$ cat upload-v4.cif   # mmCIF, C-alpha atoms
data_query
loop_
_atom_site.label_atom_id
_atom_site.label_comp_id
_atom_site.auth_asym_id
_atom_site.auth_seq_id
_atom_site.Cartn_x
_atom_site.Cartn_y
_atom_site.Cartn_z
CA MET A 1 132.22 79.06 140.13
CA CYS A 2 132.38 82.74 139.12
CA LYS A 3 130.73 84.75 141.87
CA GLU A 4 131.20 88.13 140.16
CA LYS A 5 129.57 86.91 136.93
CA ALA A 6 126.66 85.38 138.82
CA VAL A 7 126.06 88.60 140.77
CA LYS A 8 126.01 90.66 137.55
CA GLU A 9 123.57 88.26 135.87
CA LEU A 10 121.35 88.24 138.92
CA GLU A 11 121.25 92.03 139.03
CA ASP A 12 120.08 92.14 135.41
CA VAL A 13 117.42 89.45 135.81
CA LEU A 14 116.06 90.91 139.04
CA SER A 15 115.85 94.37 137.46
CA TRP A 16 113.78 92.94 134.60
CA ILE A 17 111.37 91.30 137.04
CA GLU A 18 110.59 94.73 138.51
CA LYS A 19 109.80 96.28 135.12
CA ASP A 20 106.31 96.57 133.67
CA ARG A 21 107.72 96.92 130.15
CA LEU A 22 111.00 95.80 128.57
CA SER A 23 113.03 97.78 126.07
CA PRO A 24 113.54 96.26 122.58
CA ASP A 25 117.18 95.53 123.45
CA GLU A 26 116.19 93.80 126.69
CA ALA A 27 113.54 91.76 124.88
CA ARG A 28 116.08 90.60 122.29
CA ARG A 29 118.62 89.72 124.96
CA ILE A 30 116.12 87.77 127.04
CA THR A 31 114.94 85.85 123.97
CA THR A 32 118.47 84.95 122.85
CA GLU A 33 119.68 84.03 126.31
CA SER A 34 116.53 82.05 127.11
CA ILE A 35 117.18 79.78 124.14
CA ASP A 36 120.77 79.25 125.24
CA ASN A 37 119.71 78.68 128.85
CA TYR A 38 117.22 75.99 127.87
CA ASN A 39 119.69 74.29 125.53
CA SER A 40 122.56 74.39 128.02
CA TYR A 41 120.97 74.26 131.47
CA VAL A 42 117.36 73.04 131.27
CA ASN A 43 116.71 70.53 128.48
CA PRO A 44 117.47 71.02 124.75
CA GLY A 45 114.52 68.78 123.91
CA TRP A 46 112.13 71.36 125.31
CA LEU A 47 112.68 73.77 122.43
CA MET A 48 112.17 71.02 119.87
CA TYR A 49 108.95 70.07 121.64
CA ARG A 50 107.75 73.67 121.64
CA LYS A 51 108.11 73.79 117.86
CA SER A 52 105.10 71.52 117.74
CA VAL A 53 103.09 74.48 118.95
CA SER A 54 104.84 77.38 117.30
CA THR A 55 106.84 78.06 114.18
CA ASN A 56 108.75 80.54 116.34
CA ALA A 57 110.71 78.54 118.90
CA ALA A 58 112.08 81.80 120.31
CA PHE A 59 108.72 82.90 121.70
CA VAL A 60 109.16 83.92 125.34
CA GLU A 61 106.18 84.64 127.61
CA TRP A 62 106.43 87.67 129.86
CA THR A 63 103.11 89.10 131.05
CA ASP A 64 99.48 88.02 131.30
CA HIS A 65 96.06 89.34 132.23
CA ASP A 66 92.41 88.34 131.95
CA ASN A 67 92.26 85.63 129.25
CA SER A 68 95.49 86.46 127.44
CA PHE A 69 99.26 86.51 127.76
CA SER A 70 102.00 88.44 125.95
CA ASP A 71 105.57 87.81 124.87
CA VAL A 72 108.61 89.96 125.67
CA ASN A 73 107.81 92.09 122.62
CA GLY A 74 104.27 92.79 123.76
CA GLU A 75 102.46 90.53 121.26
CA GLU A 76 99.22 89.30 122.82
CA PHE A 77 97.64 85.85 122.53
CA ILE A 78 94.20 84.58 123.55
CA ASP A 79 94.84 81.58 125.79
CA CYS A 80 92.68 78.62 124.78
CA LEU A 81 95.07 76.11 126.34
CA GLY A 82 94.78 77.58 129.83
CA GLY A 83 97.96 75.97 131.10
CA PHE A 84 96.27 72.59 130.51
CA GLY A 85 93.45 73.68 132.79
CA ILE A 86 94.86 75.96 135.49
CA TYR A 87 93.41 79.29 134.34
CA MET A 88 89.73 78.61 135.01
CA CYS A 89 89.33 82.11 136.46
CA GLY A 90 91.61 83.81 133.93
CA HIS A 91 95.16 85.08 134.27
CA ARG A 92 96.10 86.98 137.43
CA ASN A 93 92.46 87.44 138.37
CA PRO A 94 92.48 90.59 140.54
CA GLU A 95 89.84 89.20 142.92
CA ILE A 96 92.22 86.33 143.70
CA LEU A 97 95.53 88.12 143.42
CA ARG A 98 94.56 90.77 146.01
CA TYR A 99 94.29 88.17 148.78
CA VAL A 100 97.55 86.49 147.86
CA LYS A 101 99.29 89.88 147.97
CA ALA A 102 97.66 90.65 151.31
CA GLN A 103 98.78 87.30 152.72
CA LEU A 104 102.30 87.86 151.40
CA ASP A 105 102.42 91.18 153.22
CA HIS A 106 102.04 89.54 156.62
CA GLN A 107 103.25 85.93 156.18
CA ALA A 108 104.41 83.89 153.20
CA LEU A 109 105.29 80.48 154.70
CA HIS A 110 104.78 79.01 158.14
CA SER A 111 106.85 77.39 160.89
CA GLN A 112 105.65 73.83 160.15
CA GLU A 113 105.21 73.34 163.90
CA LEU A 114 102.29 75.57 164.93
CA VAL A 115 98.72 75.74 163.60
CA ASP A 116 98.37 77.79 160.43
CA PRO A 117 94.71 78.85 160.21
CA LEU A 118 94.21 79.06 156.44
CA ARG A 119 94.88 75.35 155.98
CA GLY A 120 92.08 74.54 158.41
CA TYR A 121 89.63 76.98 156.84
CA LEU A 122 90.40 75.67 153.36
CA ALA A 123 89.84 72.06 154.45
CA ARG A 124 86.54 73.05 156.05
CA VAL A 125 85.36 74.81 152.89
CA MET A 126 86.38 71.83 150.77
CA ALA A 127 84.20 69.58 152.92
CA GLU A 128 81.31 71.96 152.24
CA ILE A 129 81.68 72.18 148.44
CA THR A 130 82.50 68.55 147.64
CA PRO A 131 79.83 65.85 147.25
CA GLY A 132 78.62 63.44 149.90
CA ASP A 133 80.50 62.98 153.16
CA LEU A 134 84.00 63.79 151.88
CA GLN A 135 85.71 65.47 154.83
CA TYR A 136 89.43 65.06 155.59
CA CYS A 137 91.89 66.99 153.41
CA PHE A 138 95.59 66.75 152.75
CA PHE A 139 97.20 69.54 150.69
CA THR A 140 100.10 69.07 148.31
CA ASN A 141 101.98 71.01 145.64
CA GLY A 142 101.45 69.19 142.32
CA GLY A 143 99.01 66.75 140.79
CA ALA A 144 101.31 63.73 140.90
CA GLU A 145 101.96 64.34 144.59
CA ALA A 146 98.23 64.41 145.27
CA VAL A 147 97.83 61.07 143.49
CA GLU A 148 100.71 59.64 145.53
CA MET A 149 98.85 60.59 148.72
CA ALA A 150 95.62 59.08 147.38
CA ILE A 151 97.13 55.69 146.59
CA LYS A 152 99.06 55.63 149.88
CA LEU A 153 95.87 56.45 151.76
CA ALA A 154 93.96 53.72 149.91
CA ARG A 155 96.50 51.11 150.92
CA ILE A 156 96.85 52.12 154.57
CA ALA A 157 93.12 52.64 155.10
CA SER A 158 92.02 49.43 153.38
CA GLY A 159 94.90 47.18 154.35
CA LYS A 160 94.74 45.85 150.79
CA ARG A 161 97.23 45.92 147.92
CA TRP A 162 96.11 45.89 144.27
CA PHE A 163 94.94 48.87 142.20
CA ILE A 164 92.78 48.85 139.09
CA SER A 165 93.49 51.66 136.64
CA THR A 166 92.67 52.29 132.99
CA VAL A 167 94.44 52.23 129.65
CA GLY A 168 95.03 55.81 128.52
CA GLY A 169 94.70 57.19 132.03
CA PHE A 170 97.05 59.92 133.22
CA HIS A 171 97.73 60.63 136.88
CA GLY A 172 101.16 62.30 136.89
CA LYS A 173 104.78 61.25 136.49
CA SER A 174 106.10 60.45 139.95
CA MET A 175 106.80 56.75 140.43
CA GLY A 176 103.50 55.85 142.06
CA ALA A 177 101.40 58.09 139.84
CA VAL A 178 103.00 56.92 136.60
CA SER A 179 102.46 53.33 137.75
CA MET A 180 98.74 54.09 137.76
CA GLY A 181 98.98 55.76 134.34
CA GLY A 182 97.97 53.96 131.18
CA LYS A 183 100.43 55.30 128.57
CA ASN A 184 103.53 53.32 127.66
CA THR A 185 105.35 56.54 126.70
CA TYR A 186 105.66 57.47 130.36
CA ARG A 187 105.89 53.98 131.85
CA THR A 188 108.37 52.07 129.66
CA PRO A 189 111.57 53.98 130.63
CA TYR A 190 111.00 53.16 134.31
CA LEU A 191 109.90 49.53 134.20
CA PRO A 192 109.41 47.64 136.40
CA MET A 193 106.92 50.05 137.97
CA ILE A 194 105.23 49.78 141.35
CA GLN A 195 103.76 46.31 141.29
CA GLN A 196 100.15 45.17 141.84
CA VAL A 197 98.51 47.53 139.35
CA GLN A 198 96.21 46.15 136.66
CA HIS A 199 94.99 48.23 133.71
CA VAL A 200 91.63 47.74 132.02
CA GLN A 201 89.82 49.43 129.16
CA TYR A 202 88.40 52.84 130.05
CA GLY A 203 84.64 53.20 129.82
CA VAL A 204 83.89 49.46 130.23
CA ALA A 205 82.72 48.93 133.80
CA ASP A 206 82.47 45.17 133.40
CA ASP A 207 86.22 45.00 132.79
CA ILE A 208 86.72 46.45 136.26
CA ARG A 209 84.35 43.90 137.74
CA LYS A 210 86.20 41.03 136.06
CA ALA A 211 89.61 42.31 137.14
CA ILE A 212 88.56 42.65 140.79
CA LYS A 213 86.76 39.30 140.81
CA ASN A 214 89.70 37.46 139.24
CA LEU A 215 92.23 38.96 141.65
CA ILE A 216 90.10 38.06 144.68
CA THR A 217 89.54 34.56 143.30
CA VAL A 218 93.28 33.88 143.23
CA GLY A 219 93.76 35.18 146.76
CA GLU A 220 94.77 38.80 146.13
CA THR A 221 93.27 41.90 147.75
CA VAL A 222 92.21 45.05 145.87
CA ALA A 223 92.68 48.42 147.58
CA ALA A 224 91.16 50.80 145.03
CA VAL A 225 90.03 51.67 141.55
CA ILE A 226 91.46 54.97 140.24
CA LEU A 227 89.77 56.85 137.37
CA GLU A 228 89.58 60.21 135.67
CA PRO A 229 85.86 61.05 135.27
CA ILE A 230 86.90 62.27 131.80
CA GLN A 231 90.32 61.29 130.48
CA GLY A 232 92.28 64.44 129.67
CA GLU A 233 95.76 63.51 128.46
CA ALA A 234 94.26 60.62 126.47
CA GLY A 235 92.51 63.21 124.29
CA ILE A 236 89.30 64.23 126.12
CA ILE A 237 87.74 60.77 126.31
CA ILE A 238 84.23 60.86 127.76
CA PRO A 239 82.96 57.56 129.19
CA PRO A 240 79.45 56.22 128.47
CA GLU A 241 76.61 57.58 130.55
CA GLY A 242 76.25 55.61 133.77
CA TYR A 243 79.85 54.35 133.75
CA LEU A 244 80.90 56.14 136.95
CA LYS A 245 77.77 54.96 138.78
CA GLU A 246 78.34 51.37 137.74
CA VAL A 247 81.97 51.52 138.87
CA ARG A 248 80.79 52.88 142.23
CA GLN A 249 78.38 49.94 142.57
CA ILE A 250 81.12 47.44 141.70
CA CYS A 251 83.47 48.94 144.29
CA ASP A 252 80.75 48.79 146.94
CA GLU A 253 79.96 45.19 146.04
CA TYR A 254 83.56 44.05 146.51
CA GLY A 255 84.63 46.41 149.30
CA VAL A 256 87.06 48.31 147.10
CA LEU A 257 87.78 52.04 147.48
CA LEU A 258 87.06 54.39 144.58
CA ILE A 259 89.48 57.22 143.75
CA PHE A 260 88.42 59.93 141.32
CA ASP A 261 91.23 62.01 139.85
CA GLU A 262 89.49 65.38 139.41
CA ILE A 263 92.70 67.37 139.03
CA GLN A 264 91.69 68.45 135.51
CA THR A 265 87.92 67.88 135.50
CA GLY A 266 87.24 69.59 138.83
CA MET A 267 86.85 73.22 139.88
CA GLY A 268 84.08 73.95 137.39
CA ARG A 269 85.85 72.82 134.23
CA THR A 270 83.04 70.57 132.97
CA GLY A 271 80.05 72.71 133.98
CA ALA A 272 79.80 71.43 137.57
CA MET A 273 82.18 72.11 140.43
CA TRP A 274 83.16 68.42 140.23
CA ARG A 275 82.47 66.06 137.35
CA CYS A 276 81.46 63.24 139.70
CA GLU A 277 78.89 65.59 141.22
CA ALA A 278 77.20 65.95 137.82
CA GLU A 279 77.13 62.16 137.56
CA GLY A 280 75.67 61.75 141.06
CA VAL A 281 78.60 59.67 142.33
CA VAL A 282 80.65 60.13 145.51
CA PRO A 283 84.17 58.64 145.56
CA ASP A 284 85.99 57.53 148.68
CA ILE A 285 89.00 59.69 147.79
CA MET A 286 89.15 62.60 145.36
CA THR A 287 92.20 64.46 144.06
CA TYR A 288 92.05 68.08 142.91
CA GLY A 289 94.47 70.68 141.58
CA LYS A 290 95.27 72.74 138.46
CA ALA A 291 92.58 75.47 138.72
CA PHE A 292 92.45 75.06 142.52
CA GLY A 293 95.05 77.83 143.02
CA GLY A 294 93.23 80.25 140.74
CA GLY A 295 96.06 80.37 138.22
CA VAL A 296 98.09 82.28 140.81
CA MET A 297 99.61 79.72 143.19
CA PRO A 298 100.35 75.99 142.87
CA ILE A 299 98.25 73.90 145.26
CA THR A 300 96.68 70.46 144.98
CA GLY A 301 95.37 67.89 147.38
CA ILE A 302 93.05 65.06 148.31
CA ILE A 303 89.82 64.81 150.27
CA CYS A 304 88.44 61.56 151.66
CA ARG A 305 85.59 60.06 153.62
CA PRO A 306 86.07 60.23 157.41
CA SER A 307 86.17 56.44 157.82
CA LEU A 308 89.44 56.36 155.88
CA TRP A 309 91.26 58.61 158.35
CA ILE A 310 92.24 55.70 160.54
CA GLU A 311 93.97 55.76 163.94
CA PRO A 312 97.58 55.42 162.66
CA LEU A 313 97.10 58.67 160.69
CA VAL A 314 95.87 60.39 163.86
CA GLU A 315 98.71 59.01 165.98
CA ASN A 316 101.30 60.11 163.40
CA PRO A 317 99.99 63.12 161.43
CA TRP A 318 103.01 62.92 159.08
CA LEU A 319 102.63 59.24 158.25
CA LEU A 320 100.84 59.88 154.96
CA GLY A 321 103.31 62.58 153.93
CA SER A 322 104.95 65.80 155.07
CA PRO A 323 105.45 68.12 152.07
CA THR A 324 107.33 71.20 153.26
CA PHE A 325 105.29 73.57 151.13
CA GLY A 326 102.01 71.66 150.95
CA GLY A 327 99.14 73.81 152.17
CA ASN A 328 101.33 76.84 152.81
CA PRO A 329 99.61 80.15 153.68
CA LEU A 330 100.14 81.77 150.27
CA ALA A 331 98.77 78.78 148.39
CA CYS A 332 95.82 78.43 150.76
CA SER A 333 94.96 82.12 150.41
CA ALA A 334 94.86 81.63 146.63
CA ALA A 335 92.63 78.55 146.89
CA LEU A 336 90.25 80.24 149.34
CA ALA A 337 89.96 83.30 147.09
CA THR A 338 89.47 81.07 144.05
CA ILE A 339 86.61 79.14 145.62
CA ALA A 340 84.97 82.39 146.72
CA TYR A 341 85.29 83.83 143.20
CA MET A 342 83.88 80.66 141.63
CA LEU A 343 80.88 80.61 143.94
CA ARG A 344 80.13 84.32 143.61
CA HIS A 345 80.34 84.29 139.82
CA ASP A 346 79.03 80.74 139.28
CA ILE A 347 82.05 79.71 137.25
CA PRO A 348 80.77 76.15 136.71
CA LYS A 349 77.59 77.52 135.10
CA GLN A 350 79.61 79.88 132.93
CA ALA A 351 81.85 76.99 131.85
CA GLY A 352 78.82 74.92 130.93
CA GLU A 353 77.14 77.66 128.90
CA LYS A 354 80.26 78.92 127.18
CA GLY A 355 81.37 75.37 126.52
CA GLU A 356 78.12 74.70 124.67
CA TYR A 357 78.68 77.85 122.61
CA LEU A 358 82.26 76.93 121.71
CA LEU A 359 81.38 73.30 120.99
CA ALA A 360 78.53 74.37 118.68
CA GLY A 361 80.91 76.60 116.73
CA LEU A 362 83.58 73.89 116.47
CA ARG A 363 81.03 71.29 115.36
CA ALA A 364 79.80 73.61 112.63
CA LEU A 365 83.38 73.94 111.41
CA ARG A 366 83.74 70.17 111.42
CA GLU A 367 80.82 70.04 109.01
CA LYS A 368 82.62 72.60 106.86
CA TYR A 369 85.99 70.79 106.98
CA PRO A 370 85.18 67.05 107.36
CA GLU A 371 88.42 66.03 105.64
CA VAL A 372 90.46 67.98 108.24
CA LEU A 373 88.51 67.48 111.46
CA SER A 374 87.71 63.90 112.46
CA ASP A 375 85.81 64.66 115.66
CA VAL A 376 84.83 67.37 118.12
CA ARG A 377 83.97 66.29 121.67
CA GLY A 378 83.85 67.71 125.14
CA ILE A 379 81.84 68.80 128.15
CA GLY A 380 81.94 72.36 129.47
CA LEU A 381 85.30 73.93 128.68
CA MET A 382 87.15 70.62 128.44
CA ILE A 383 87.13 70.17 124.67
CA GLY A 384 89.11 68.10 122.19
CA VAL A 385 89.23 68.40 118.40
CA GLU A 386 90.64 65.32 116.69
CA PHE A 387 92.51 65.17 113.39
CA PRO A 388 93.28 62.25 111.04
CA THR A 389 96.96 62.30 112.07
CA SER A 390 99.20 63.91 114.66
CA GLU A 391 101.04 65.82 111.91
CA ILE A 392 97.83 67.45 110.71
CA GLY A 393 97.01 68.38 114.30
CA TYR A 394 100.44 70.01 114.73
CA CYS A 395 99.89 71.99 111.54
CA PHE A 396 96.57 73.24 112.89
CA ALA A 397 98.14 74.23 116.23
CA LYS A 398 100.87 76.19 114.41
CA GLU A 399 98.28 77.96 112.29
CA MET A 400 96.32 78.88 115.41
CA PHE A 401 99.50 80.17 117.05
CA ALA A 402 100.25 82.27 113.96
CA ARG A 403 96.79 83.81 114.48
CA ARG A 404 97.69 84.54 118.12
CA ILE A 405 95.57 81.81 119.67
CA MET A 406 97.27 79.31 122.00
CA THR A 407 96.12 75.69 121.84
CA ALA A 408 98.07 72.43 122.15
CA GLY A 409 97.86 68.70 121.82
CA THR A 410 98.53 66.14 124.51
CA LEU A 411 102.03 65.90 125.93
CA VAL A 412 103.21 63.40 123.32
CA ASN A 413 101.18 64.09 120.17
CA ALA A 414 98.70 66.43 118.54
CA LYS A 415 96.19 64.04 117.02
CA THR A 416 93.79 65.66 119.47
CA ILE A 417 94.16 69.39 120.12
CA ARG A 418 92.79 70.56 123.45
CA PHE A 419 90.75 73.69 124.12
CA GLU A 420 90.68 74.48 127.85
CA PRO A 421 90.10 78.24 128.04
CA ALA A 422 89.09 80.20 131.11
CA ALA A 423 85.42 80.46 131.98
CA THR A 424 85.99 84.23 132.10
CA THR A 425 86.67 84.27 128.35
CA THR A 426 84.08 86.51 126.68
CA TYR A 427 81.74 85.49 123.88
CA GLU A 428 83.43 88.11 121.69
CA GLU A 429 86.77 86.40 122.33
CA PHE A 430 85.24 83.02 121.51
CA ASP A 431 83.92 84.46 118.24
CA LYS A 432 87.45 85.56 117.39
CA VAL A 433 88.76 82.12 118.32
CA LEU A 434 86.22 80.41 116.06
CA SER A 435 87.11 82.75 113.20
CA CYS A 436 90.76 81.81 113.67
CA VAL A 437 89.86 78.11 113.79
CA ASP A 438 88.13 78.55 110.43
CA GLY A 439 91.24 80.15 108.95
CA ALA A 440 93.58 77.58 110.50
CA LEU A 441 91.51 74.68 109.17
CA GLU A 442 91.49 76.20 105.69
CA ALA A 443 95.26 76.68 105.79
CA THR A 444 95.79 73.12 107.10
CA LYS A 445 93.56 71.75 104.34
CA LYS A 446 95.68 73.49 101.72
CA GLU A 447 98.98 72.47 103.35
CA TYR A 448 98.07 68.76 103.27
CA LYS A 449 95.98 68.94 100.06
CA LEU A 450 93.05 67.32 101.83
#

$ encode --input "upload-v4.cif" --output "structure tokens"
Amino acid sequence: MCKEKAVKELEDVLSWIEKDRLSPDEARRITTESIDNYNSYVNPGWLMYRKSVSTNAAFVEWTDHDNSFSDVNGEEFIDCLGGFGIYMCGHRNPEILRYVKAQLDHQALHSQELVDPLRGYLARVMAEITPGDLQYCFFTNGGAEAVEMAIKLARIASGKRWFISTVGGFHGKSMGAVSMGGKNTYRTPYLPMIQQVQHVQYGVADDIRKAIKNLITVGETVAAVILEPIQGEAGIIIPPEGYLKEVRQICDEYGVLLIFDEIQTGMGRTGAMWRCEAEGVVPDIMTYGKAFGGGVMPITGIICRPSLWIEPLVENPWLLGSPTFGGNPLACSAALATIAYMLRHDIPKQAGEKGEYLLAGLRALREKYPEVLSDVRGIGLMIGVEFPTSEIGYCFAKEMFARRIMTAGTLVNAKTIRFEPAATTTYEEFDKVLSCVDGALEATKKEYKL
């Protein structure tokens, strides 16, 4: 340990945080040292992974505003990735940021022992803006943690054991969440996973019926079915119309709880505040996150029907979980301000209308470049463009990045490139994006001689 060296490094880094603008020398130093820091102290694989997005692995983000972000040299990018869905209201939205700053000025965290009011107000508002009789909330820090709480709640409330999930589903990477997931990339290194989870084909409700029926027939009990209303990490997979309703009916028929993972689809992303709301279906438990903190603070959680909040959870309020920072005052202030902003500006409606505009433009370009683009699909501002191969998709993403537009594939490949921009993105910005898509497709076509 070298205390003097650490103090000097800390002084430099903290001085940079306070600056609005870096000098060219500082920008170069930060870029060089960031690469070394990732290689030596974070994970050297991260930089290799980032090359799938950019031909410049040394790109270092520094500032952001509205619907864009900039690197340490001041180069600006339109953000069409949106942090995989967190920037629904744009970057550092001033109508959200002001309340977080105000909360920070009088209290950042809380004692853990006394009542902190914002948690209660946020839970009350969530009960008002979610469908049906969803009522009791539990706030967490990340999406996987929210899913952990959902599956724990399903087991304790039902007294049953098995879960039905779907192939291609993604619910996070903690042990319970990845057990629910349907991608071998994330599951195989940790096998055996949490037991008593059965995966079925997504979009085929009868497969769920058969799985539940067969398990009950052989003496097992089924606690819950867990689904994404639209699969995100799988490549924006939209189920057939009526699928969610049929699954709800199956769960009711067999006395099985239904969990909707709305971490990515919720908070206006698909043109409704919640995707299940647009489908006219109420789950027993719903997870939410990503855009929930307004792109300012990390906060996620679950909300459930009152009948699930059984006596043991009342007798021991920490039985389900006790995350130190879950539902902290800063995060709750961000979520409250985000909900207010979304309701005042009808963000779901904006997402629906702007999504139709962007989808129409992308579909026209698919007609122009059929040998490059295999498919364009999406609802609202949750859009996927599919390519013949992952390599072609990576080439397209690099070309978009070269044109100062950020997009990305899924976490393990780029066969499908995702567009999840903010609903605050202007039509003029979308026109620029579509122009860049045109150029990137043309360049990709030439690169692969398609």

$ resolve_selection --input "upload-v4.cif" --expression "the PyMOL selection byres ((chain A and resi 238-244) around 10)" --output "ChimeraX atom specification"
/A:202-206,227-232,235-237,245-250,258,260,276,279-283,377-379

$ residues_around --input "upload-v4.cif" --residues "range 22-28 of chain A" --least-positions-apart "3" --cutoff "8 Å" --atoms "only C-alpha atoms" --output "list in words"
Trp16, Lys19, Thr31, Thr32, Val72 and Asn73 of chain A

$ residues_around --input "upload-v4.cif" --residues "Tyr136 in chain A" --least-positions-apart "3" --cutoff "10 Å" --atoms "all atoms listed in the file" --output "ChimeraX atom specification"
/A:123-124,126-127,133,285,302-309

$ residues_around --input "upload-v4.cif" --residues "range 328-340 of chain A" --least-positions-apart "6" --cutoff "7 Å" --atoms "only C-alpha atoms" --output "list in words"
Ile96, Tyr99, Val100, Gln103, Leu104, Ala108, Leu109, His110, Leu118, Arg119, Leu122, Phe292, Gly293, Gly294, Val296, Met297, Pro298 and Ile299 of chain A

$ axis_aligned_box --input "upload-v4.cif" --around "range 142-161 of chain A" --padding-each-side "5 Å" --output "AutoDock Vina command-line options"
--center_x 97.0 --center_y 57.5 --center_z 147.9 --size_x 19.9 --size_y 33.3 --size_z 24.3

$ resolve_selection --input "upload-v4.cif" --expression "the PyMOL selection byres ((chain A and resi 224) around 10)" --output "compact mmCIF listing (two decimals) with C-alpha atoms, in the frame of the given file"
# COMPACT_ATOMS: atom_id res chain seq x y z
CA ALA A 150 95.62 59.08 147.38
CA ILE A 151 97.13 55.69 146.59
CA LEU A 153 95.87 56.45 151.76
CA ALA A 154 93.96 53.72 149.91
CA ARG A 155 96.50 51.11 150.92
CA SER A 158 92.02 49.43 153.38
CA LYS A 160 94.74 45.85 150.79
CA ARG A 161 97.23 45.92 147.92
CA TRP A 162 96.11 45.89 144.27
CA PHE A 163 94.94 48.87 142.20
CA ILE A 164 92.78 48.85 139.09
CA SER A 165 93.49 51.66 136.64
CA VAL A 197 98.51 47.53 139.35
CA ILE A 212 88.56 42.65 140.79
CA THR A 221 93.27 41.90 147.75
CA VAL A 222 92.21 45.05 145.87
CA ALA A 223 92.68 48.42 147.58
CA VAL A 225 90.03 51.67 141.55
CA ILE A 226 91.46 54.97 140.24
CA LEU A 227 89.77 56.85 137.37
CA CYS A 251 83.47 48.94 144.29
CA GLY A 255 84.63 46.41 149.30
CA VAL A 256 87.06 48.31 147.10
CA LEU A 257 87.78 52.04 147.48
CA LEU A 258 87.06 54.39 144.58
CA ILE A 259 89.48 57.22 143.75
CA ASP A 284 85.99 57.53 148.68
CA ILE A 285 89.00 59.69 147.79

$ closest_residue --input "upload-v4.cif" --among "A:Ser15, A:Thr300, A:Thr407, A:Thr324" --to "Gly266 in chain A" --atoms "all atoms listed in the file"
A:Thr300

$ closest_residue --input "upload-v4.cif" --among "A:Gln107, A:Ile30, A:Gly301, A:Met180" --to "Glu145 in chain A" --atoms "all atoms listed in the file"
A:Gly301

$ residues_around --input "upload-v4.cif" --residues "Val433 in chain A" --least-positions-apart "6" --cutoff "10 Å" --atoms "all atoms listed in the file" --output "ChimeraX atom specification"
/A:78-80,358,361-362,400,403-406,427,439

$ residues_around --input "upload-v4.cif" --residues "Gly326 in chain A" --least-positions-apart "3" --cutoff "7 Å" --atoms "all atoms listed in the file" --output "tab-separated table (two decimals) with C-alpha atoms, in the coordinates of the input"
chain	number	residue	atom	x	y	z
A	139	PHE	CA	97.20	69.54	150.69
A	140	THR	CA	100.10	69.07	148.31
A	141	ASN	CA	101.98	71.01	145.64
A	323	PRO	CA	105.45	68.12	152.07

$ closest_residue --input "upload-v4.cif" --among "A:Lys101, A:Ala364, A:Cys137, A:Gln198" --to "Tyr121 in chain A" --atoms "only C-alpha atoms"
A:Cys137

$ atom_distance --input "upload-v4.cif" --atom1 "CA of Gly295 in chain A" --atom2 "CA of Ile86 in chain A"
5.3 Å

$ build_atoms --input "upload-v4.cif" --residues "range 284-294 of chain A" --atoms "N, CA and C atoms" --output "PDB file, in the coordinates of the input"
ATOM      1  N   ASP A 284      85.449  57.616 147.318  1.00  0.00           N
ATOM      2  CA  ASP A 284      85.990  57.530 148.680  1.00  0.00           C
ATOM      3  C   ASP A 284      87.140  58.511 148.866  1.00  0.00           C
ATOM      4  N   ILE A 285      87.887  58.736 147.791  1.00  0.00           N
ATOM      5  CA  ILE A 285      89.000  59.690 147.790  1.00  0.00           C
ATOM      6  C   ILE A 285      88.921  60.475 146.484  1.00  0.00           C
ATOM      7  N   MET A 286      89.157  61.772 146.565  1.00  0.00           N
ATOM      8  CA  MET A 286      89.150  62.600 145.360  1.00  0.00           C
ATOM      9  C   MET A 286      90.394  63.490 145.361  1.00  0.00           C
ATOM     10  N   THR A 287      91.063  63.541 144.217  1.00  0.00           N
ATOM     11  CA  THR A 287      92.200  64.460 144.060  1.00  0.00           C
ATOM     12  C   THR A 287      91.733  65.694 143.312  1.00  0.00           C
ATOM     13  N   TYR A 288      92.384  66.828 143.587  1.00  0.00           N
ATOM     14  CA  TYR A 288      92.050  68.080 142.910  1.00  0.00           C
ATOM     15  C   TYR A 288      93.319  68.906 142.759  1.00  0.00           C
ATOM     16  N   GLY A 289      93.294  69.856 141.836  1.00  0.00           N
ATOM     17  CA  GLY A 289      94.470  70.680 141.580  1.00  0.00           C
ATOM     18  C   GLY A 289      94.246  71.601 140.401  1.00  0.00           C
ATOM     19  N   LYS A 290      95.292  71.856 139.625  1.00  0.00           N
ATOM     20  CA  LYS A 290      95.270  72.740 138.460  1.00  0.00           C
ATOM     21  C   LYS A 290      94.587  74.066 138.763  1.00  0.00           C
ATOM     22  N   ALA A 291      93.283  74.200 138.514  1.00  0.00           N
ATOM     23  CA  ALA A 291      92.580  75.470 138.720  1.00  0.00           C
ATOM     24  C   ALA A 291      92.364  75.805 140.191  1.00  0.00           C
ATOM     25  N   PHE A 292      92.711  74.885 141.088  1.00  0.00           N
ATOM     26  CA  PHE A 292      92.450  75.060 142.520  1.00  0.00           C
ATOM     27  C   PHE A 292      93.159  76.284 143.089  1.00  0.00           C
ATOM     28  N   GLY A 293      94.311  76.652 142.547  1.00  0.00           N
ATOM     29  CA  GLY A 293      95.050  77.830 143.020  1.00  0.00           C
ATOM     30  C   GLY A 293      94.731  79.094 142.239  1.00  0.00           C
ATOM     31  N   GLY A 294      93.692  79.049 141.437  1.00  0.00           N
ATOM     32  CA  GLY A 294      93.230  80.250 140.740  1.00  0.00           C
ATOM     33  C   GLY A 294      94.163  80.746 139.651  1.00  0.00           C
TER      34      GLY A 294
END
